[in-house]
file target_27.pdb (PDB, C-alpha atoms, pLDDT in the B column)
ATOM      1  CA  MET A1390     -59.295  -6.308  13.802  1.00 56.00           C
ATOM      2  CA  GLU A1391     -56.973  -9.249  14.093  1.00 59.00           C
ATOM      3  CA  TYR A1392     -54.611 -10.394  11.380  1.00 59.00           C
ATOM      4  CA  ASP A1393     -53.847 -14.011  10.855  1.00 57.00           C
ATOM      5  CA  ILE A1394     -50.040 -14.111  10.779  1.00 59.00           C
ATOM      6  CA  GLY A1395     -50.077 -17.623   9.384  1.00 56.00           C
ATOM      7  CA  PHE A1396     -51.975 -16.328   6.360  1.00 54.00           C
ATOM      8  CA  ILE A1397     -49.336 -13.620   5.704  1.00 54.00           C
ATOM      9  CA  PHE A1398     -46.473 -16.119   5.856  1.00 56.00           C
ATOM     10  CA  SER A1399     -48.357 -18.539   3.621  1.00 55.00           C
ATOM     11  CA  LEU A1400     -48.517 -15.851   0.892  1.00 54.00           C
ATOM     12  CA  LYS A1401     -44.746 -15.625   0.878  1.00 52.00           C
ATOM     13  CA  ALA A1402     -44.396 -19.383   0.633  1.00 52.00           C
ATOM     14  CA  THR A1403     -46.685 -19.649  -2.412  1.00 56.00           C
ATOM     15  CA  ASN A1404     -44.680 -17.149  -4.445  1.00 55.00           C
ATOM     16  CA  LYS A1405     -41.392 -19.048  -4.661  1.00 57.00           C
ATOM     17  CA  GLN A1406     -40.513 -17.886  -8.193  1.00 61.00           C
ATOM     18  CA  ARG A1407     -39.606 -14.380  -7.055  1.00 59.00           C
ATOM     19  CA  PRO A1408     -35.898 -13.888  -6.392  1.00 57.00           C
ATOM     20  CA  ASP A1409     -34.669 -13.113  -2.900  1.00 58.00           C
ATOM     21  CA  ASN A1410     -32.901 -10.032  -4.197  1.00 58.00           C
ATOM     22  CA  MET A1411     -35.645  -7.807  -5.592  1.00 55.00           C
ATOM     23  CA  THR A1412     -33.153  -5.569  -7.400  1.00 52.00           C
ATOM     24  CA  GLU A1413     -32.908  -8.255 -10.062  1.00 55.00           C
ATOM     25  CA  LEU A1414     -36.547  -7.560 -10.887  1.00 55.00           C
ATOM     26  CA  ASP A1415     -36.269  -3.795 -10.612  1.00 57.00           C
ATOM     27  CA  PHE A1416     -33.006  -3.502 -12.559  1.00 56.00           C
ATOM     28  CA  PRO A1417     -32.708  -6.400 -15.007  1.00 54.00           C
ATOM     29  CA  HIS A1418     -29.798  -4.718 -16.795  1.00 58.00           C
ATOM     30  CA  LYS A1419     -27.740  -5.030 -13.595  1.00 55.00           C
ATOM     31  CA  LYS A1420     -27.884  -8.786 -13.212  1.00 54.00           C
ATOM     32  CA  ARG A1421     -24.953 -10.179 -11.335  1.00 54.00           C
ATOM     33  CA  GLY A1422     -22.594 -12.592 -12.995  1.00 53.00           C
ATOM     34  CA  THR A1423     -20.174 -14.841 -11.191  1.00 50.00           C
ATOM     35  CA  ASN A1424     -17.652 -12.017 -10.709  1.00 53.00           C
ATOM     36  CA  GLY A1425     -20.053  -9.260  -9.688  1.00 52.00           C
ATOM     37  CA  PHE A1426     -21.423  -6.846 -12.262  1.00 57.00           C
ATOM     38  CA  ARG A1427     -20.471  -7.576 -15.829  1.00 60.00           C
ATOM     39  CA  LYS A1428     -18.370  -4.851 -17.346  1.00 69.00           C
ATOM     40  CA  LYS A1429     -17.556  -4.285 -20.957  1.00 78.00           C
ATOM     41  CA  PRO A1430     -14.075  -3.041 -21.802  1.00 84.00           C
ATOM     42  CA  LEU A1431     -13.917   0.730 -22.088  1.00 80.00           C
ATOM     43  CA  THR A1432     -13.583   2.213 -25.538  1.00 87.00           C
ATOM     44  CA  GLU A1433     -11.223   5.085 -26.254  1.00 85.00           C
ATOM     45  CA  LYS A1434     -14.161   7.488 -26.225  1.00 88.00           C
ATOM     46  CA  ASP A1435     -15.262   6.192 -22.807  1.00 88.00           C
ATOM     47  CA  LYS A1436     -11.730   6.575 -21.420  1.00 89.00           C
ATOM     48  CA  PHE A1437     -11.542  10.109 -22.813  1.00 90.00           C
ATOM     49  CA  ASN A1438     -14.911  11.051 -21.278  1.00 90.00           C
ATOM     50  CA  LYS A1439     -13.860   9.520 -17.954  1.00 91.00           C
ATOM     51  CA  MET A1440     -10.684  11.630 -17.920  1.00 91.00           C
ATOM     52  CA  LEU A1441     -12.728  14.736 -18.767  1.00 92.00           C
ATOM     53  CA  GLY A1442     -15.037  13.976 -15.858  1.00 92.00           C
ATOM     54  CA  GLU A1443     -12.097  13.585 -13.478  1.00 94.00           C
ATOM     55  CA  ILE A1444     -10.595  16.872 -14.692  1.00 93.00           C
ATOM     56  CA  ARG A1445     -13.956  18.611 -14.268  1.00 93.00           C
ATOM     57  CA  ILE A1446     -14.215  17.282 -10.698  1.00 93.00           C
ATOM     58  CA  LEU A1447     -10.731  18.570  -9.878  1.00 93.00           C
ATOM     59  CA  LEU A1448     -11.507  21.991 -11.360  1.00 92.00           C
ATOM     60  CA  ASN A1449     -14.682  22.178  -9.285  1.00 92.00           C
ATOM     61  CA  LYS A1450     -12.651  21.507  -6.127  1.00 92.00           C
ATOM     62  CA  LEU A1451     -10.037  24.148  -6.960  1.00 91.00           C
ATOM     63  CA  SER A1452      -9.600  26.979  -4.436  1.00 90.00           C
ATOM     64  CA  LEU A1453      -6.764  28.989  -2.911  1.00 91.00           C
ATOM     65  CA  ASN A1454      -6.584  26.649   0.080  1.00 92.00           C
ATOM     66  CA  ASN A1455      -5.980  23.473  -1.913  1.00 93.00           C
ATOM     67  CA  PHE A1456      -4.439  24.957  -5.051  1.00 92.00           C
ATOM     68  CA  ASP A1457      -1.089  23.163  -4.802  1.00 93.00           C
ATOM     69  CA  THR A1458      -2.523  19.669  -4.403  1.00 94.00           C
ATOM     70  CA  ILE A1459      -5.184  20.061  -7.109  1.00 93.00           C
ATOM     71  CA  ALA A1460      -2.722  21.664  -9.538  1.00 93.00           C
ATOM     72  CA  GLN A1461      -0.254  18.807  -9.003  1.00 94.00           C
ATOM     73  CA  LYS A1462      -3.005  16.266  -9.664  1.00 93.00           C
ATOM     74  CA  LEU A1463      -4.020  18.099 -12.822  1.00 92.00           C
ATOM     75  CA  LEU A1464      -0.446  18.227 -14.083  1.00 91.00           C
ATOM     76  CA  GLN A1465       0.712  14.727 -13.151  1.00 91.00           C
ATOM     77  CA  ASN A1466      -2.268  12.346 -13.147  1.00 90.00           C
ATOM     78  CA  PHE A1467      -3.219  12.647 -16.803  1.00 89.00           C
ATOM     79  CA  GLN A1468      -1.589  11.777 -20.107  1.00 90.00           C
ATOM     80  CA  TYR A1469      -2.450  14.869 -22.102  1.00 89.00           C
ATOM     81  CA  THR A1470      -3.189  14.568 -25.780  1.00 90.00           C
ATOM     82  CA  PRO A1471      -3.957  17.584 -27.988  1.00 91.00           C
ATOM     83  CA  SER A1472      -7.700  16.944 -27.717  1.00 92.00           C
ATOM     84  CA  LEU A1473      -7.583  16.530 -23.922  1.00 91.00           C
ATOM     85  CA  LEU A1474      -5.496  19.690 -23.551  1.00 92.00           C
ATOM     86  CA  TYR A1475      -7.973  21.562 -25.750  1.00 92.00           C
ATOM     87  CA  GLU A1476     -10.901  20.381 -23.595  1.00 92.00           C
ATOM     88  CA  LEU A1477      -9.016  21.410 -20.432  1.00 92.00           C
ATOM     89  CA  MET A1478      -8.465  24.850 -21.910  1.00 92.00           C
ATOM     90  CA  LYS A1479     -12.166  25.154 -22.786  1.00 93.00           C
ATOM     91  CA  MET A1480     -13.207  24.153 -19.254  1.00 92.00           C
ATOM     92  CA  ILE A1481     -10.819  26.662 -17.658  1.00 92.00           C
ATOM     93  CA  PHE A1482     -11.977  29.387 -20.043  1.00 92.00           C
ATOM     94  CA  ILE A1483     -15.644  28.766 -19.270  1.00 92.00           C
ATOM     95  CA  LYS A1484     -15.051  28.575 -15.510  1.00 91.00           C
ATOM     96  CA  SER A1485     -12.874  31.692 -15.413  1.00 90.00           C
ATOM     97  CA  THR A1486     -15.365  33.773 -17.385  1.00 89.00           C
ATOM     98  CA  GLY A1487     -18.301  32.531 -15.317  1.00 91.00           C
ATOM     99  CA  GLU A1488     -16.855  32.426 -11.807  1.00 87.00           C
ATOM    100  CA  HIS A1489     -15.214  35.792 -11.241  1.00 86.00           C
ATOM    101  CA  SER A1490     -14.480  35.130  -7.571  1.00 89.00           C
ATOM    102  CA  TYR A1491     -12.058  32.330  -8.544  1.00 89.00           C
ATOM    103  CA  LEU A1492     -10.394  34.226 -11.384  1.00 89.00           C
ATOM    104  CA  ASP A1493      -7.064  34.579  -9.562  1.00 91.00           C
ATOM    105  CA  VAL A1494      -6.947  30.827  -8.952  1.00 93.00           C
ATOM    106  CA  TYR A1495      -7.547  30.099 -12.639  1.00 92.00           C
ATOM    107  CA  CYS A1496      -4.864  32.628 -13.617  1.00 92.00           C
ATOM    108  CA  LYS A1497      -2.352  30.837 -11.375  1.00 93.00           C
ATOM    109  CA  LEU A1498      -3.368  27.528 -12.913  1.00 93.00           C
ATOM    110  CA  CYS A1499      -2.983  28.942 -16.426  1.00 92.00           C
ATOM    111  CA  ALA A1500       0.532  30.170 -15.545  1.00 92.00           C
ATOM    112  CA  LEU A1501       1.475  26.624 -14.501  1.00 93.00           C
ATOM    113  CA  LEU A1502      -0.056  25.191 -17.657  1.00 91.00           C
ATOM    114  CA  PHE A1503       1.824  27.770 -19.777  1.00 92.00           C
ATOM    115  CA  LYS A1504       5.106  26.487 -18.327  1.00 91.00           C
ATOM    116  CA  ARG A1505       4.206  22.814 -18.653  1.00 90.00           C
ATOM    117  CA  PHE A1506       2.750  22.882 -22.166  1.00 89.00           C
ATOM    118  CA  ASN A1507       5.040  25.222 -24.064  1.00 88.00           C
ATOM    119  CA  ASP A1508       5.783  23.483 -27.339  1.00 84.00           C
ATOM    120  CA  PRO A1509       6.646  26.198 -29.881  1.00 83.00           C
ATOM    121  CA  GLU A1510       6.559  23.814 -32.842  1.00 84.00           C
ATOM    122  CA  ASN A1511       3.327  21.965 -32.049  1.00 85.00           C
ATOM    123  CA  HIS A1512       0.544  24.522 -31.633  1.00 83.00           C
ATOM    124  CA  GLU A1513      -1.866  21.827 -30.438  1.00 87.00           C
ATOM    125  CA  MET A1514       0.287  21.182 -27.350  1.00 89.00           C
ATOM    126  CA  ASN A1515       0.945  24.847 -26.581  1.00 86.00           C
ATOM    127  CA  PHE A1516      -1.536  25.901 -23.891  1.00 85.00           C
ATOM    128  CA  LYS A1517      -0.896  29.614 -24.303  1.00 87.00           C
ATOM    129  CA  LYS A1518      -1.598  29.543 -28.043  1.00 88.00           C
ATOM    130  CA  LEU A1519      -4.746  27.470 -27.484  1.00 86.00           C
ATOM    131  CA  LEU A1520      -6.029  29.965 -24.924  1.00 87.00           C
ATOM    132  CA  ILE A1521      -5.188  32.998 -27.061  1.00 87.00           C
ATOM    133  CA  THR A1522      -6.939  31.393 -30.042  1.00 87.00           C
ATOM    134  CA  LYS A1523     -10.007  30.794 -27.873  1.00 86.00           C
ATOM    135  CA  CYS A1524     -10.030  34.415 -26.705  1.00 83.00           C
TER     136      CYS A1524
END

call {"tool": "encode", "arguments": {"input": "target_27.pdb", "output": "structure tokens"}}
result
Amino acid sequence: MEYDIGFIFSLKATNKQRPDNMTELDFPHKKRGTNGFRKKPLTEKDKFNKMLGEIRILLNKLSLNNFDTIAQKLLQNFQYTPSLLYELMKMIFIKSTGEHSYLDVYCKLCALLFKRFNDPENHEMNFKKLLITKC
């Protein structure tokens, strides 16, 4: 059976309305503007959720081998608010009760967080009091 190659190319020529980039048809919500993908400014809730995701990623990477680097990133790369510190405490609590093989790593991390967030007047920024309340 022989195929007429001219016929195949003529089909492409008759359908000129289709875009060259087929992703515009498959994903109309991702249409490109003049500066690439259009992005809306992030709301405070989006920024908060993004920081929580970054903290969760760092906690998932935490081990004895890379403890110092991950702990430094956790302590220095984020501007902690009472709600962010509370979410960090909840994540550490859940991970330490669920992953018993990494319990010593989480205890070391909690000791660092006890030293860093030790505000006796503001209970919301006192990591030890938050953790004890959770327990």

call {"tool": "closest_residue", "arguments": {"input": "target_27.pdb", "among": "A:Leu1473, A:Leu1431, A:Cys1524, A:Ile1483", "to": "A:Tyr1495", "atoms": "all atoms listed in the file"}}
result
A:Ile1483

call {"tool": "resolve_selection", "arguments": {"input": "target_27.pdb", "expression": "the PyMOL selection byres ((chain A and resi 1499) around 10)", "output": "list in words"}}
result
Met1478, Ile1481, Phe1482, Asp1493, Val1494, Tyr1495, Cys1496, Lys1497, Leu1498, Ala1500, Leu1501, Leu1502, Phe1503, Lys1504, Arg1505, Phe1516, Lys1517 and Leu1520 of chain A

call {"tool": "atom_distance", "arguments": {"input": "target_27.pdb", "atom1": "atom CA of A:Pro1471", "atom2": "atom CA of A:Glu1488"}}
result
25.5 Å

call {"tool": "residues_near_point", "arguments": {"input": "target_27.pdb", "point": "(-9.6, 16.2, -27.8)", "cutoff": "12 Å", "atoms": "all atoms listed in the file", "output": "NGL selection string"}}
result
:A and (1433-1434 or 1436-1438 or 1440-1441 or 1468-1479 or 1513-1514)

call {"tool": "residues_around", "arguments": {"input": "target_27.pdb", "residues": "A:Ile1459", "least_positions_apart": "6", "cutoff": "9 Å", "atoms": "only C-alpha atoms", "output": "ChimeraX atom specification"}}
result
/A:1447-1448,1450-1452

call {"tool": "write_last_selection", "arguments": {"input": "target_27.pdb", "atoms": "C-alpha atoms", "output": "PDB file, in the frame of the given file"}}
result
ATOM      1  CA  LEU A1447     -10.731  18.570  -9.878  1.00 93.00           C
ATOM      2  CA  LEU A1448     -11.507  21.991 -11.360  1.00 92.00           C
ATOM      3  CA  LYS A1450     -12.651  21.507  -6.127  1.00 92.00           C
ATOM      4  CA  LEU A1451     -10.037  24.148  -6.960  1.00 91.00           C
ATOM      5  CA  SER A1452      -9.600  26.979  -4.436  1.00 90.00           C
TER       6      SER A1452
END

call {"tool": "atom_distance", "arguments": {"input": "target_27.pdb", "atom1": "atom CA of A:Asn1511", "atom2": "atom CA of A:Gln1465"}}
result
20.4 Å

call {"tool": "atom_distance", "arguments": {"input": "target_27.pdb", "atom1": "atom CA of A:Arg1445", "atom2": "atom CA of A:His1489"}}
result
17.5 Å
